[in-house]
file target30.cif (mmCIF, C-alpha atoms)
data_query
#
loop_
_atom_site.group_PDB
_atom_site.id
_atom_site.type_symbol
_atom_site.label_atom_id
_atom_site.label_comp_id
_atom_site.auth_asym_id
_atom_site.auth_seq_id
_atom_site.Cartn_x
_atom_site.Cartn_y
_atom_site.Cartn_z
ATOM 1 C CA VAL A 52 -4.141 -115.499 -34.396
ATOM 2 C CA LEU A 53 -1.559 -112.964 -35.522
ATOM 3 C CA THR A 54 -0.566 -115.220 -38.416
ATOM 4 C CA MET A 55 -4.201 -115.401 -39.542
ATOM 5 C CA GLN A 56 -4.696 -111.631 -39.182
ATOM 6 C CA ILE A 57 -1.641 -110.803 -41.261
ATOM 7 C CA HIS A 58 -2.643 -113.527 -43.710
ATOM 8 C CA HIS A 59 -6.070 -112.021 -44.221
ATOM 9 C CA THR A 60 -5.501 -108.269 -43.961
ATOM 10 C CA LYS A 61 -2.168 -108.172 -45.778
ATOM 11 C CA HIS A 62 -1.666 -111.160 -48.065
ATOM 12 C CA HIS A 63 -5.222 -111.827 -49.195
ATOM 13 C CA ASN A 64 -5.819 -108.092 -49.476
ATOM 14 C CA THR A 65 -2.788 -107.700 -51.745
ATOM 15 C CA TYR A 66 -4.073 -110.399 -54.088
ATOM 16 C CA ILE A 67 -7.381 -108.568 -54.390
ATOM 17 C CA THR A 68 -5.716 -105.196 -54.973
ATOM 18 C CA ASN A 69 -3.451 -106.650 -57.645
ATOM 19 C CA LEU A 70 -6.298 -108.644 -59.189
ATOM 20 C CA ASN A 71 -8.338 -105.465 -59.572
ATOM 21 C CA ALA A 72 -5.368 -103.709 -61.159
ATOM 22 C CA SER A 73 -4.874 -106.622 -63.569
ATOM 23 C CA LEU A 74 -8.573 -106.666 -64.468
ATOM 24 C CA GLU A 75 -8.444 -102.959 -65.293
ATOM 25 C CA LYS A 76 -5.441 -103.541 -67.528
ATOM 26 C CA LEU A 77 -7.242 -106.488 -69.132
ATOM 27 C CA ASP A 78 -10.277 -104.310 -69.906
ATOM 28 C CA ALA A 79 -8.045 -101.735 -71.530
ATOM 29 C CA ALA A 80 -6.159 -104.352 -73.559
ATOM 30 C CA VAL A 81 -9.361 -106.049 -74.734
ATOM 31 C CA SER A 82 -10.897 -102.697 -75.691
ATOM 32 C CA ALA A 83 -7.777 -101.788 -77.620
ATOM 33 C CA GLY A 84 -7.704 -105.190 -79.322
ATOM 34 C CA ASP A 85 -4.162 -105.643 -78.024
ATOM 35 C CA ILE A 86 -3.859 -109.441 -78.033
ATOM 36 C CA SER A 87 -0.238 -109.401 -76.982
ATOM 37 C CA ALA A 88 -1.085 -107.347 -73.914
ATOM 38 C CA VAL A 89 -4.013 -109.648 -73.105
ATOM 39 C CA ILE A 90 -1.739 -112.685 -73.196
ATOM 40 C CA ASN A 91 0.902 -110.881 -71.173
ATOM 41 C CA LEU A 92 -1.594 -110.355 -68.359
ATOM 42 C CA GLN A 93 -2.448 -114.043 -67.980
ATOM 43 C CA GLY A 94 0.288 -114.746 -65.435
ATOM 44 C CA ALA A 95 -0.786 -111.907 -63.162
ATOM 45 C CA LEU A 96 -4.456 -112.855 -63.537
ATOM 46 C CA LYS A 97 -3.831 -116.480 -62.611
ATOM 47 C CA PHE A 98 -1.597 -115.514 -59.703
ATOM 48 C CA ASN A 99 -3.761 -112.795 -58.178
ATOM 49 C CA GLY A 100 -7.121 -114.233 -59.233
ATOM 50 C CA GLY A 101 -6.069 -117.628 -57.952
ATOM 51 C CA GLY A 102 -4.787 -116.021 -54.760
ATOM 52 C CA HIS A 103 -8.166 -114.390 -54.178
ATOM 53 C CA LEU A 104 -10.177 -117.522 -54.983
ATOM 54 C CA ASN A 105 -7.977 -119.772 -52.885
ATOM 55 C CA HIS A 106 -7.898 -117.590 -49.799
ATOM 56 C CA THR A 107 -11.647 -117.042 -49.877
ATOM 57 C CA LEU A 108 -12.126 -120.828 -49.955
ATOM 58 C CA PHE A 109 -9.606 -121.178 -47.140
ATOM 59 C CA TRP A 110 -11.257 -118.785 -44.667
ATOM 60 C CA GLU A 111 -14.633 -120.358 -45.411
ATOM 61 C CA ASN A 112 -13.403 -123.873 -44.671
ATOM 62 C CA LEU A 113 -12.033 -123.069 -41.220
ATOM 63 C CA CYS A 114 -13.960 -122.924 -37.935
ATOM 64 C CA PRO A 115 -13.284 -123.092 -34.191
ATOM 65 C CA ALA A 116 -12.027 -126.497 -33.076
ATOM 66 C CA GLU A 117 -15.196 -127.160 -31.060
ATOM 67 C CA SER A 118 -17.335 -126.702 -34.175
ATOM 68 C CA SER A 119 -15.134 -128.855 -36.381
ATOM 69 C CA GLN A 120 -17.022 -132.094 -36.433
ATOM 70 C CA ILE A 121 -16.971 -134.983 -38.815
ATOM 71 C CA LYS A 122 -20.490 -136.239 -39.342
ATOM 72 C CA SER A 123 -20.916 -139.986 -39.434
ATOM 73 C CA ASP A 124 -23.654 -139.775 -42.045
ATOM 74 C CA GLY A 125 -24.567 -137.732 -45.105
ATOM 75 C CA GLU A 126 -23.206 -137.155 -48.590
ATOM 76 C CA LEU A 127 -19.698 -136.123 -47.551
ATOM 77 C CA ASN A 128 -19.284 -139.111 -45.303
ATOM 78 C CA ASP A 129 -20.470 -141.405 -48.085
ATOM 79 C CA ALA A 130 -18.085 -139.796 -50.551
ATOM 80 C CA VAL A 131 -15.128 -140.052 -48.167
ATOM 81 C CA LYS A 132 -15.914 -143.709 -47.526
ATOM 82 C CA ALA A 133 -16.279 -144.517 -51.209
ATOM 83 C CA SER A 134 -13.137 -142.610 -52.190
ATOM 84 C CA PHE A 135 -10.744 -143.390 -49.315
ATOM 85 C CA GLY A 136 -12.398 -145.865 -46.983
ATOM 86 C CA SER A 137 -12.504 -143.539 -43.979
ATOM 87 C CA TYR A 138 -11.593 -140.050 -42.771
ATOM 88 C CA ASP A 139 -8.421 -141.439 -41.238
ATOM 89 C CA GLU A 140 -7.398 -142.837 -44.595
ATOM 90 C CA LEU A 141 -8.253 -139.529 -46.262
ATOM 91 C CA LYS A 142 -6.094 -137.697 -43.715
ATOM 92 C CA ALA A 143 -3.269 -140.188 -44.260
ATOM 93 C CA LYS A 144 -3.271 -139.221 -47.958
ATOM 94 C CA PHE A 145 -4.014 -135.511 -47.595
ATOM 95 C CA VAL A 146 -1.426 -134.555 -44.998
ATOM 96 C CA PRO A 147 1.689 -136.062 -46.643
ATOM 97 C CA ALA A 148 0.695 -134.741 -50.074
ATOM 98 C CA THR A 149 0.154 -131.248 -48.690
ATOM 99 C CA VAL A 150 3.284 -131.223 -46.538
ATOM 100 C CA THR A 151 5.501 -132.234 -49.474
ATOM 101 C CA VAL A 152 4.433 -129.441 -51.848
ATOM 102 C CA GLN A 153 7.718 -128.059 -53.190
ATOM 103 C CA GLY A 154 7.912 -124.327 -52.631
ATOM 104 C CA SER A 155 4.632 -122.435 -52.363
ATOM 105 C CA GLY A 156 1.259 -124.006 -53.004
ATOM 106 C CA TRP A 157 -1.938 -125.543 -51.684
ATOM 107 C CA GLY A 158 -3.242 -128.953 -50.657
ATOM 108 C CA TRP A 159 -6.784 -129.814 -51.711
ATOM 109 C CA LEU A 160 -9.551 -132.317 -51.285
ATOM 110 C CA GLY A 161 -11.361 -132.078 -54.607
ATOM 111 C CA TYR A 162 -14.439 -133.570 -56.222
ATOM 112 C CA ASN A 163 -14.084 -135.298 -59.568
ATOM 113 C CA LYS A 164 -17.348 -134.765 -61.466
ATOM 114 C CA ALA A 165 -16.515 -137.471 -63.968
ATOM 115 C CA THR A 166 -15.944 -140.244 -61.440
ATOM 116 C CA GLY A 167 -18.147 -138.876 -58.657
ATOM 117 C CA LEU A 168 -15.284 -139.494 -56.231
ATOM 118 C CA LEU A 169 -13.122 -137.282 -54.035
ATOM 119 C CA GLU A 170 -9.395 -136.932 -54.691
ATOM 120 C CA VAL A 171 -6.399 -135.403 -52.950
ATOM 121 C CA ALA A 172 -4.532 -132.922 -55.153
ATOM 122 C CA THR A 173 -1.943 -130.177 -54.818
ATOM 123 C CA CYS A 174 -1.319 -127.070 -56.906
ATOM 124 C CA PRO A 175 1.737 -124.832 -57.052
ATOM 125 C CA ASN A 176 1.778 -121.130 -56.186
ATOM 126 C CA GLN A 177 -1.766 -119.732 -56.501
ATOM 127 C CA ASP A 178 -2.890 -121.956 -59.359
ATOM 128 C CA PRO A 179 -6.628 -122.451 -58.718
ATOM 129 C CA LEU A 180 -7.739 -126.057 -58.329
ATOM 130 C CA GLU A 181 -10.699 -126.180 -60.677
ATOM 131 C CA ALA A 182 -9.133 -124.217 -63.534
ATOM 132 C CA THR A 183 -5.956 -126.293 -63.245
ATOM 133 C CA THR A 184 -7.257 -129.829 -62.642
ATOM 134 C CA GLY A 185 -11.009 -129.753 -63.193
ATOM 135 C CA LEU A 186 -11.566 -130.882 -59.590
ATOM 136 C CA VAL A 187 -14.119 -128.870 -57.591
ATOM 137 C CA PRO A 188 -12.538 -127.577 -54.359
ATOM 138 C CA ILE A 189 -14.023 -129.142 -51.229
ATOM 139 C CA VAL A 190 -11.304 -128.377 -48.656
ATOM 140 C CA GLY A 191 -8.081 -126.407 -49.145
ATOM 141 C CA ILE A 192 -5.045 -125.753 -46.953
ATOM 142 C CA ASP A 193 -2.546 -123.004 -47.740
ATOM 143 C CA VAL A 194 1.070 -124.138 -47.380
ATOM 144 C CA TRP A 195 2.772 -120.961 -48.516
ATOM 145 C CA GLU A 196 5.243 -120.180 -45.746
ATOM 146 C CA HIS A 197 3.317 -117.024 -44.826
ATOM 147 C CA ALA A 198 0.454 -119.284 -43.701
ATOM 148 C CA TYR A 199 2.470 -120.787 -40.880
ATOM 149 C CA TYR A 200 5.942 -119.343 -40.455
ATOM 150 C CA LYS A 201 5.335 -117.012 -37.504
ATOM 151 C CA LYS A 202 3.806 -119.728 -35.394
ATOM 152 C CA TYR A 203 5.413 -122.920 -36.670
ATOM 153 C CA SER A 204 8.600 -121.696 -38.430
ATOM 154 C CA ASN A 205 9.652 -124.473 -40.765
ATOM 155 C CA LEU A 206 7.451 -127.134 -39.093
ATOM 156 C CA ARG A 207 4.927 -127.427 -41.894
ATOM 157 C CA PRO A 208 3.684 -130.891 -40.776
ATOM 158 C CA ASP A 209 2.697 -129.511 -37.352
ATOM 159 C CA TYR A 210 0.750 -126.722 -39.042
ATOM 160 C CA VAL A 211 -1.094 -128.974 -41.499
ATOM 161 C CA ASN A 212 -2.047 -131.413 -38.754
ATOM 162 C CA ALA A 213 -3.287 -128.524 -36.607
ATOM 163 C CA VAL A 214 -5.405 -127.066 -39.407
ATOM 164 C CA TRP A 215 -6.951 -130.480 -40.018
ATOM 165 C CA ASP A 216 -8.557 -130.132 -36.567
ATOM 166 C CA ILE A 217 -10.236 -126.832 -37.439
ATOM 167 C CA ILE A 218 -11.669 -127.726 -40.836
ATOM 168 C CA ASN A 219 -15.308 -126.774 -41.265
ATOM 169 C CA TRP A 220 -16.763 -130.054 -42.540
ATOM 170 C CA GLU A 221 -20.212 -128.487 -42.921
ATOM 171 C CA THR A 222 -18.823 -126.089 -45.488
ATOM 172 C CA ALA A 223 -17.080 -129.004 -47.165
ATOM 173 C CA GLU A 224 -20.357 -130.888 -47.411
ATOM 174 C CA LYS A 225 -22.169 -127.832 -48.804
ATOM 175 C CA ARG A 226 -19.505 -127.531 -51.493
ATOM 176 C CA LEU A 227 -19.862 -131.199 -52.375
ATOM 177 C CA LEU A 228 -23.658 -130.922 -52.650
ATOM 178 C CA ALA A 229 -23.314 -127.804 -54.813
ATOM 179 C CA ALA A 230 -20.813 -129.592 -57.062
ATOM 180 C CA LYS A 231 -23.156 -132.512 -57.526
ATOM 181 C CA GLY B 175 20.573 -129.941 -54.728
ATOM 182 C CA GLY B 176 19.473 -126.494 -55.830
ATOM 183 C CA GLY B 177 18.432 -125.647 -52.304
ATOM 184 C CA HIS B 178 21.861 -126.539 -50.952
ATOM 185 C CA TYR B 179 23.811 -124.732 -53.696
ATOM 186 C CA ASN B 180 21.665 -121.602 -53.522
ATOM 187 C CA HIS B 181 21.898 -121.269 -49.765
ATOM 188 C CA ALA B 182 25.658 -121.905 -49.680
ATOM 189 C CA PHE B 183 26.005 -119.190 -52.347
ATOM 190 C CA PHE B 184 23.805 -116.874 -50.277
ATOM 191 C CA TRP B 185 25.695 -117.205 -46.967
ATOM 192 C CA ASP B 186 28.983 -116.712 -48.822
ATOM 193 C CA GLU B 187 28.018 -113.367 -50.327
ATOM 194 C CA MET B 188 27.005 -111.665 -47.078
ATOM 195 C CA ALA B 189 29.112 -109.956 -44.440
ATOM 196 C CA PRO B 190 28.470 -107.859 -41.326
ATOM 197 C CA PRO B 191 27.315 -104.351 -42.348
ATOM 198 C CA ASP B 192 30.521 -102.617 -41.279
ATOM 199 C CA VAL B 193 32.662 -105.108 -43.183
ATOM 200 C CA ALA B 194 30.380 -105.010 -46.238
ATOM 201 C CA ALA B 195 30.492 -101.212 -46.275
ATOM 202 C CA LYS B 196 34.248 -101.366 -46.818
ATOM 203 C CA THR B 197 33.956 -103.547 -49.924
ATOM 204 C CA LYS B 198 33.487 -102.305 -53.457
ATOM 205 C CA PRO B 199 33.292 -103.803 -56.947
ATOM 206 C CA SER B 200 36.491 -104.301 -58.921
ATOM 207 C CA ALA B 201 37.143 -102.050 -61.912
ATOM 208 C CA GLU B 202 36.107 -104.886 -64.212
ATOM 209 C CA LEU B 203 32.816 -105.392 -62.382
ATOM 210 C CA GLU B 204 32.144 -101.630 -62.292
ATOM 211 C CA GLY B 205 32.644 -101.538 -66.043
ATOM 212 C CA LEU B 206 30.237 -104.403 -66.590
ATOM 213 C CA ILE B 207 27.631 -102.816 -64.313
ATOM 214 C CA LYS B 208 27.879 -99.532 -66.199
ATOM 215 C CA ASN B 209 27.606 -101.209 -69.609
ATOM 216 C CA SER B 210 24.743 -103.478 -68.602
ATOM 217 C CA PHE B 211 22.595 -101.197 -66.436
ATOM 218 C CA GLY B 212 24.012 -97.680 -66.693
ATOM 219 C CA SER B 213 24.909 -97.418 -63.024
ATOM 220 C CA MET B 214 24.990 -99.291 -59.711
ATOM 221 C CA ASP B 215 21.808 -97.441 -58.662
ATOM 222 C CA LYS B 216 20.010 -98.574 -61.800
ATOM 223 C CA MET B 217 21.110 -102.151 -61.228
ATOM 224 C CA LYS B 218 19.843 -101.919 -57.663
ATOM 225 C CA ALA B 219 16.493 -100.535 -58.883
ATOM 226 C CA GLU B 220 16.098 -103.358 -61.378
ATOM 227 C CA PHE B 221 17.059 -105.914 -58.761
ATOM 228 C CA GLU B 222 14.501 -104.520 -56.325
ATOM 229 C CA ALA B 223 11.785 -104.535 -58.978
ATOM 230 C CA ALA B 224 12.556 -108.187 -59.755
ATOM 231 C CA SER B 225 12.285 -109.035 -56.038
ATOM 232 C CA ALA B 226 9.061 -107.085 -55.473
ATOM 233 C CA PRO B 227 5.946 -108.937 -54.249
ATOM 234 C CA GLY B 228 4.360 -110.819 -57.151
ATOM 235 C CA ALA B 229 7.419 -110.398 -59.410
ATOM 236 C CA VAL B 230 8.427 -113.950 -58.593
ATOM 237 C CA PHE B 231 5.186 -115.941 -58.425
ATOM 238 C CA GLY B 232 5.619 -117.904 -55.225
ATOM 239 C CA SER B 233 8.946 -119.112 -53.859
ATOM 240 C CA GLY B 234 12.189 -118.402 -55.678
ATOM 241 C CA TRP B 235 15.407 -116.460 -56.016
ATOM 242 C CA VAL B 236 16.493 -113.280 -57.767
ATOM 243 C CA TRP B 237 19.980 -113.104 -59.314
ATOM 244 C CA VAL B 238 22.472 -110.838 -60.963
ATOM 245 C CA VAL B 239 24.020 -113.075 -63.595
ATOM 246 C CA VAL B 240 26.775 -112.733 -66.187
ATOM 247 C CA ASN B 241 26.254 -114.295 -69.614
ATOM 248 C CA GLN B 242 28.437 -117.019 -71.042
ATOM 249 C CA ALA B 243 30.378 -114.529 -73.172
ATOM 250 C CA GLY B 244 31.222 -112.660 -69.983
ATOM 251 C CA ASP B 245 30.273 -109.274 -71.358
ATOM 252 C CA LYS B 246 26.793 -108.581 -70.027
ATOM 253 C CA LEU B 247 25.059 -108.631 -66.660
ATOM 254 C CA SER B 248 21.331 -109.023 -66.168
ATOM 255 C CA VAL B 249 18.787 -109.488 -63.395
ATOM 256 C CA VAL B 250 16.739 -112.711 -63.514
ATOM 257 C CA GLY B 251 14.278 -114.540 -61.258
ATOM 258 C CA THR B 252 14.068 -118.323 -60.890
ATOM 259 C CA PRO B 253 11.349 -120.405 -59.212
ATOM 260 C CA ASN B 254 11.645 -122.617 -56.132
ATOM 261 C CA GLN B 255 15.281 -123.816 -55.844
ATOM 262 C CA ASP B 256 16.211 -123.482 -59.493
ATOM 263 C CA ASN B 257 19.510 -121.797 -60.343
ATOM 264 C CA PRO B 258 20.604 -119.963 -63.534
ATOM 265 C CA LEU B 259 23.335 -122.598 -63.970
ATOM 266 C CA MET B 260 20.699 -125.285 -64.559
ATOM 267 C CA LYS B 261 19.975 -126.123 -68.192
ATOM 268 C CA GLY B 262 16.528 -125.118 -69.362
ATOM 269 C CA VAL B 263 15.821 -122.711 -66.521
ATOM 270 C CA LEU B 264 16.582 -119.407 -68.249
ATOM 271 C CA ALA B 265 15.156 -118.735 -71.696
ATOM 272 C CA GLU B 266 18.412 -117.120 -72.723
ATOM 273 C CA GLY B 267 20.419 -120.204 -71.711
ATOM 274 C CA VAL B 268 22.755 -121.008 -68.823
ATOM 275 C CA ALA B 269 24.202 -117.955 -67.064
ATOM 276 C CA PHE B 270 26.531 -117.477 -64.103
ATOM 277 C CA PRO B 271 25.123 -115.970 -60.906
ATOM 278 C CA ILE B 272 27.339 -113.414 -59.190
ATOM 279 C CA LEU B 273 24.762 -112.243 -56.646
ATOM 280 C CA GLY B 274 21.580 -113.870 -55.403
ATOM 281 C CA ILE B 275 18.788 -113.161 -52.971
ATOM 282 C CA ASP B 276 16.387 -115.673 -51.476
ATOM 283 C CA VAL B 277 12.790 -114.451 -51.766
ATOM 284 C CA TRP B 278 11.182 -117.546 -50.256
ATOM 285 C CA GLU B 279 8.999 -116.259 -47.431
ATOM 286 C CA HIS B 280 11.083 -118.133 -44.863
ATOM 287 C CA ALA B 281 13.960 -115.785 -45.687
ATOM 288 C CA TYR B 282 12.152 -112.739 -44.335
ATOM 289 C CA TYR B 283 8.855 -113.599 -42.687
ATOM 290 C CA LEU B 284 9.756 -113.485 -39.005
ATOM 291 C CA LYS B 285 11.373 -110.059 -39.359
ATOM 292 C CA TYR B 286 9.503 -108.412 -42.220
ATOM 293 C CA GLN B 287 6.258 -110.423 -42.671
ATOM 294 C CA ASN B 288 4.712 -109.383 -45.979
#

call {"tool": "encode", "arguments": {"input": "target30.cif", "output": "structure tokens"}}
result
Amino acid sequence: VLTMQIHHTKHHNTYITNLNASLEKLDAAVSAGDISAVINLQGALKFNGGGHLNHTLFWENLCPAESSQIKSDGELNDAVKASFGSYDELKAKFVPATVTVQGSGWGWLGYNKATGLLEVATCPNQDPLEATTGLVPIVGIDVWEHAYYKKYSNLRPDYVNAVWDIINWETAEKRLLAAK
Amino acid sequence: GGGHYNHAFFWDEMAPPDVAAKTKPSAELEGLIKNSFGSMDKMKAEFEAASAPGAVFGSGWVWVVVNQAGDKLSVVGTPNQDNPLMKGVLAEGVAFPILGIDVWEHAYYLKYQN
């Protein structure tokens, strides 16, 4: 609980604060026609903008364990079956990929509009999934150390497996339907 | 490899506060600090700015390095477990770390959080 509180009120908040600051600077640079300054801001925009996008997606795809239920029918179930064979096979791909992110980053289940299939992907730092890979985010798990260190210390696999049990699959399905 | 080297370097450069307080830079190092930054305080300020939240995007390290010619110090940040000694990491070319600080969250989270 404490990890989540600090995560939301401190880390996510900081991304938003810094995003707003960057956007103000961007406005000023664009108004002044200062291309160099505009380009210079791209790193901060991606980092803080990505941080805001990613964390918003994260909170929205979590729910209490009792509410986290995998439906055995519907669009998401069909997509998981077509793309991986089963939820167990999806998990068997998602967890190792997410656990082995080097440094800071995120693990994602994403929707590929071109193929109509779901894919597991990872992004470094706060790089946003869609802008980076074209995949539409369906489920994301934060594996920056701040997401788990207080409770799990270095045991990232324990954390990822635990979060898997509190994923809000209804939200995931809504995202998939919206993407289609 | 980088992770091992960096952490070995890190443990080596630290000492208990009372022991550390008794150490000071050599005349040569003092000279380099003055020429490169102006003063120890200015070097410290630059180092702190380079370690500030968002300065390194994500996990990484911040270093005081000396250039290959041996006549200038600078503060640089590197991502993940990269090290200034690795080719292609620093735009200005390979440099020699003399001081480094781990800014991966695991280095400070339990005590300092964000």

call {"tool": "residues_around", "arguments": {"input": "target30.cif", "residues": "region 118-131 of chain A", "least_positions_apart": "4", "cutoff": "10 Å", "atoms": "only C-alpha atoms", "output": "number ranges by chain"}}
result
A: 112-114, 135-141, 162, 167-170, 189, 215-221, 223-228

call {"tool": "residues_around", "arguments": {"input": "target30.cif", "residues": "Phe231 (chain B)", "least_positions_apart": "4", "cutoff": "10 Å", "atoms": "only C-alpha atoms", "output": "PDB file with C-alpha atoms, keeping the file's coordinate frame"}}
result
ATOM      1  CA  GLY A  94       0.288-114.746 -65.435  1.00  0.00           C
ATOM      2  CA  ALA A  95      -0.786-111.907 -63.162  1.00  0.00           C
ATOM      3  CA  LYS A  97      -3.831-116.480 -62.611  1.00  0.00           C
ATOM      4  CA  PHE A  98      -1.597-115.514 -59.703  1.00  0.00           C
ATOM      5  CA  ASN A  99      -3.761-112.795 -58.178  1.00  0.00           C
ATOM      6  CA  SER A 155       4.632-122.435 -52.363  1.00  0.00           C
ATOM      7  CA  PRO A 175       1.737-124.832 -57.052  1.00  0.00           C
ATOM      8  CA  ASN A 176       1.778-121.130 -56.186  1.00  0.00           C
ATOM      9  CA  GLN A 177      -1.766-119.732 -56.501  1.00  0.00           C
TER      10      GLN A 177
ATOM     11  CA  PRO B 227       5.946-108.937 -54.249  1.00  0.00           C
ATOM     12  CA  GLY B 251      14.278-114.540 -61.258  1.00  0.00           C
ATOM     13  CA  THR B 252      14.068-118.323 -60.890  1.00  0.00           C
ATOM     14  CA  PRO B 253      11.349-120.405 -59.212  1.00  0.00           C
ATOM     15  CA  ASN B 254      11.645-122.617 -56.132  1.00  0.00           C
TER      16      ASN B 254
END

call {"tool": "resolve_selection", "arguments": {"input": "target30.cif", "expression": "the PyMOL selection byres ((chain A) within 10 of (chain B))", "output": "PDB file with C-alpha atoms, in the frame of the given file"}}
result
ATOM      1  CA  THR A  54      -0.566-115.220 -38.416  1.00  0.00           C
ATOM      2  CA  ILE A  57      -1.641-110.803 -41.261  1.00  0.00           C
ATOM      3  CA  HIS A  58      -2.643-113.527 -43.710  1.00  0.00           C
ATOM      4  CA  LYS A  61      -2.168-108.172 -45.778  1.00  0.00           C
ATOM      5  CA  HIS A  62      -1.666-111.160 -48.065  1.00  0.00           C
ATOM      6  CA  THR A  65      -2.788-107.700 -51.745  1.00  0.00           C
ATOM      7  CA  TYR A  66      -4.073-110.399 -54.088  1.00  0.00           C
ATOM      8  CA  ASN A  69      -3.451-106.650 -57.645  1.00  0.00           C
ATOM      9  CA  GLY A  94       0.288-114.746 -65.435  1.00  0.00           C
ATOM     10  CA  ALA A  95      -0.786-111.907 -63.162  1.00  0.00           C
ATOM     11  CA  LYS A  97      -3.831-116.480 -62.611  1.00  0.00           C
ATOM     12  CA  PHE A  98      -1.597-115.514 -59.703  1.00  0.00           C
ATOM     13  CA  ASN A  99      -3.761-112.795 -58.178  1.00  0.00           C
ATOM     14  CA  GLN A 153       7.718-128.059 -53.190  1.00  0.00           C
ATOM     15  CA  GLY A 154       7.912-124.327 -52.631  1.00  0.00           C
ATOM     16  CA  SER A 155       4.632-122.435 -52.363  1.00  0.00           C
ATOM     17  CA  GLY A 156       1.259-124.006 -53.004  1.00  0.00           C
ATOM     18  CA  PRO A 175       1.737-124.832 -57.052  1.00  0.00           C
ATOM     19  CA  ASN A 176       1.778-121.130 -56.186  1.00  0.00           C
ATOM     20  CA  GLN A 177      -1.766-119.732 -56.501  1.00  0.00           C
ATOM     21  CA  TRP A 195       2.772-120.961 -48.516  1.00  0.00           C
ATOM     22  CA  GLU A 196       5.243-120.180 -45.746  1.00  0.00           C
ATOM     23  CA  HIS A 197       3.317-117.024 -44.826  1.00  0.00           C
ATOM     24  CA  ALA A 198       0.454-119.284 -43.701  1.00  0.00           C
ATOM     25  CA  TYR A 199       2.470-120.787 -40.880  1.00  0.00           C
ATOM     26  CA  TYR A 200       5.942-119.343 -40.455  1.00  0.00           C
ATOM     27  CA  LYS A 201       5.335-117.012 -37.504  1.00  0.00           C
ATOM     28  CA  LYS A 202       3.806-119.728 -35.394  1.00  0.00           C
ATOM     29  CA  SER A 204       8.600-121.696 -38.430  1.00  0.00           C
ATOM     30  CA  ASN A 205       9.652-124.473 -40.765  1.00  0.00           C
TER      31      ASN A 205
END

call {"tool": "resolve_selection", "arguments": {"input": "target30.cif", "expression": "the PyMOL selection byres ((chain B and resi 220) around 12)", "output": "list in words"}}
result
Ile207, Ser210, Phe211, Gly212, Ser213, Met214, Asp215, Lys216, Met217, Lys218, Ala219, Phe221, Glu222, Ala223, Ala224, Ser225, Ala226, Ala229, Val236, Trp237, Val238, Leu247, Ser248, Val249, Val250 and Gly251 of chain B

call {"tool": "resolve_selection", "arguments": {"input": "target30.cif", "expression": "the PyMOL selection byres ((chain B and resi 177) around 10)", "output": "number ranges by chain"}}
result
B: 175-176, 178-183, 254-257

call {"tool": "atom_distance", "arguments": {"input": "target30.cif", "atom1": "CA of Lys132 (chain A)", "atom2": "CA of Thr222 (chain A)"}}
result
18.0 Å

call {"tool": "atom_distance", "arguments": {"input": "target30.cif", "atom1": "CA of Gly158 (chain A)", "atom2": "CA of Asp209 (chain A)"}}
result
14.6 Å

call {"tool": "atom_distance", "arguments": {"input": "target30.cif", "atom1": "CA of Thr151 (chain A)", "atom2": "CA of Asn212 (chain A)"}}
result
13.1 Å

call {"tool": "residues_around", "arguments": {"input": "target30.cif", "residues": "region 185-188 of chain B", "least_positions_apart": "4", "cutoff": "10 Å", "atoms": "only C-alpha atoms", "output": "ChimeraX atom specification"}}
result
/B:180-181,193-194,272-275

call {"tool": "write_last_selection", "arguments": {"input": "target30.cif", "atoms": "C-alpha atoms", "output": "mmCIF file, in the coordinates of the input"}}
result
data_model
loop_
_atom_site.group_PDB
_atom_site.id
_atom_site.type_symbol
_atom_site.label_atom_id
_atom_site.label_comp_id
_atom_site.auth_asym_id
_atom_site.auth_seq_id
_atom_site.Cartn_x
_atom_site.Cartn_y
_atom_site.Cartn_z
ATOM 1 C CA ASN B 180 21.665 -121.602 -53.522
ATOM 2 C CA HIS B 181 21.898 -121.269 -49.765
ATOM 3 C CA VAL B 193 32.662 -105.108 -43.183
ATOM 4 C CA ALA B 194 30.380 -105.010 -46.238
ATOM 5 C CA ILE B 272 27.339 -113.414 -59.190
ATOM 6 C CA LEU B 273 24.762 -112.243 -56.646
ATOM 7 C CA GLY B 274 21.580 -113.870 -55.403
ATOM 8 C CA ILE B 275 18.788 -113.161 -52.971
#

call {"tool": "closest_residue", "arguments": {"input": "target30.cif", "among": "B:Ala265, B:Gln242, B:Trp235, B:Asn209", "to": "Phe184 (chain B)", "atoms": "all atoms listed in the file"}}
result
B:Trp235

call {"tool": "decode", "arguments": {"input": "target30.cif", "residues": "region 213-225 of chain B", "atoms": "C-alpha atoms", "output": "compact mmCIF listing (two decimals), in the first residue's frame"}}
result
# COMPACT_ATOMS: atom_id res chain seq x y z
CA SER B 213 36.08 25.31 -6.94
CA MET B 214 35.16 22.14 -5.04
CA ASP B 215 31.76 23.70 -4.21
CA LYS B 216 31.08 24.35 -7.88
CA MET B 217 32.04 20.80 -8.77
CA LYS B 218 29.71 19.54 -6.06
CA ALA B 219 26.87 21.74 -7.39
CA GLU B 220 27.36 20.43 -10.92
CA PHE B 221 27.52 16.87 -9.66
CA GLU B 222 24.29 17.31 -7.71
CA ALA B 223 22.54 18.84 -10.72
CA ALA B 224 23.62 15.88 -12.86
CA SER B 225 22.22 13.47 -10.24
